[in-house]
Amino acid sequence: MTMANHFSTVDFIIPAESVQTVVKLLRTHQISFMLKPSNDEECSVQINQQISEIDINQDKRQGELNQMYAIIERIYQKYIEEDIRQIPPKESEIAKDFKISLTILKKGFNDVYGKPFYQLYVEKKMHYAKTLLLQGISAVKVSELIGYSQPIKFNKMFQKHFGITPKRYQMSHITVRKSGI
């Protein structure tokens, strides 16, 4: 048995000065609606102008969002993709360099990647470290290559991230490769 979708409609009359607020509310909640002009032509013109203003404002906001996302993507490329070996500056300095607020930087990274900037940076750095360890590079040298001045700090961060020390990780994978498993 299939059930057909039945859409109910509700007619209500709102004053022209409230149309903008009601339309924003309906759009925000993704509620389908249809506006019917009143018999008063002056009122219909006013409503159509308000709806046009809403559309223009939404387009402007969407443009601003797209611009913010493009900036966030450039920051990601510069500090996380291009050279993970370099330690990035503080978030406040990054925001200043890209002429955005710290709030926008933080919100942008959470919106686009679902994580804060430094969490993404550390994850990427640790995965790069795993790659280097699997190439047979010593944990001390990997620590140096990815920007840790003290191997113990790298050791602790790797262990926190993966639950195993870099040396043990490397040894377990070298043993597996040698035995052919």
# chains A, B, ... in the order shown; residues from 1 in each chain; ligands from 1
call {"tool": "select_by_dssp", "arguments": {"residues": "range 109-150 of chain A", "states": "alpha helix (DSSP H)", "output": "PyMOL selection string"}}
result
chain A and resi 109-113+117-134+139-145
call {"tool": "decode", "arguments": {"residues": "range 67-80 of chain A", "atoms": "N, CA, C and O atoms", "output": "compact mmCIF listing (two decimals), in the first residue's frame"}}
result
# COMPACT_ATOMS: atom_id res chain seq x y z
N GLN A 67 32.16 33.95 -0.17
CA GLN A 67 33.44 34.64 -0.03
C GLN A 67 34.18 34.15 1.23
O GLN A 67 35.37 33.89 1.20
N MET A 68 33.43 34.01 2.34
CA MET A 68 34.04 33.52 3.58
C MET A 68 34.59 32.10 3.38
O MET A 68 35.70 31.78 3.77
N TYR A 69 33.79 31.23 2.73
CA TYR A 69 34.24 29.86 2.51
C TYR A 69 35.48 29.82 1.62
O TYR A 69 36.36 28.99 1.83
N ALA A 70 35.57 30.70 0.65
CA ALA A 70 36.75 30.77 -0.21
C ALA A 70 37.99 31.17 0.60
O ALA A 70 39.07 30.61 0.40
N ILE A 71 37.82 32.09 1.52
CA ILE A 71 38.94 32.50 2.38
C ILE A 71 39.36 31.35 3.28
O ILE A 71 40.55 31.07 3.43
N ILE A 72 38.38 30.66 3.86
CA ILE A 72 38.68 29.51 4.73
C ILE A 72 39.45 28.44 3.93
O ILE A 72 40.41 27.87 4.42
N GLU A 73 39.03 28.21 2.71
CA GLU A 73 39.70 27.22 1.85
C GLU A 73 41.14 27.66 1.57
O GLU A 73 42.05 26.83 1.58
N ARG A 74 41.36 28.95 1.32
CA ARG A 74 42.73 29.44 1.08
C ARG A 74 43.60 29.27 2.33
O ARG A 74 44.77 28.91 2.22
N ILE A 75 43.03 29.52 3.49
CA ILE A 75 43.78 29.33 4.74
C ILE A 75 44.14 27.86 4.91
O ILE A 75 45.28 27.52 5.25
N TYR A 76 43.18 26.99 4.66
CA TYR A 76 43.42 25.54 4.75
C TYR A 76 44.55 25.14 3.81
O TYR A 76 45.47 24.42 4.19
N GLN A 77 44.48 25.61 2.56
CA GLN A 77 45.51 25.28 1.57
C GLN A 77 46.89 25.77 2.03
O GLN A 77 47.87 25.03 1.98
N LYS A 78 46.95 27.01 2.50
CA LYS A 78 48.23 27.61 2.87
C LYS A 78 48.87 26.94 4.08
O LYS A 78 50.07 26.64 4.07
N TYR A 79 48.09 26.72 5.13
CA TYR A 79 48.69 26.26 6.38
C TYR A 79 48.57 24.77 6.64
O TYR A 79 49.31 24.23 7.46
N ILE A 80 47.67 24.09 5.96
CA ILE A 80 47.49 22.67 6.25
C ILE A 80 47.89 21.80 5.06
O ILE A 80 48.51 20.77 5.23
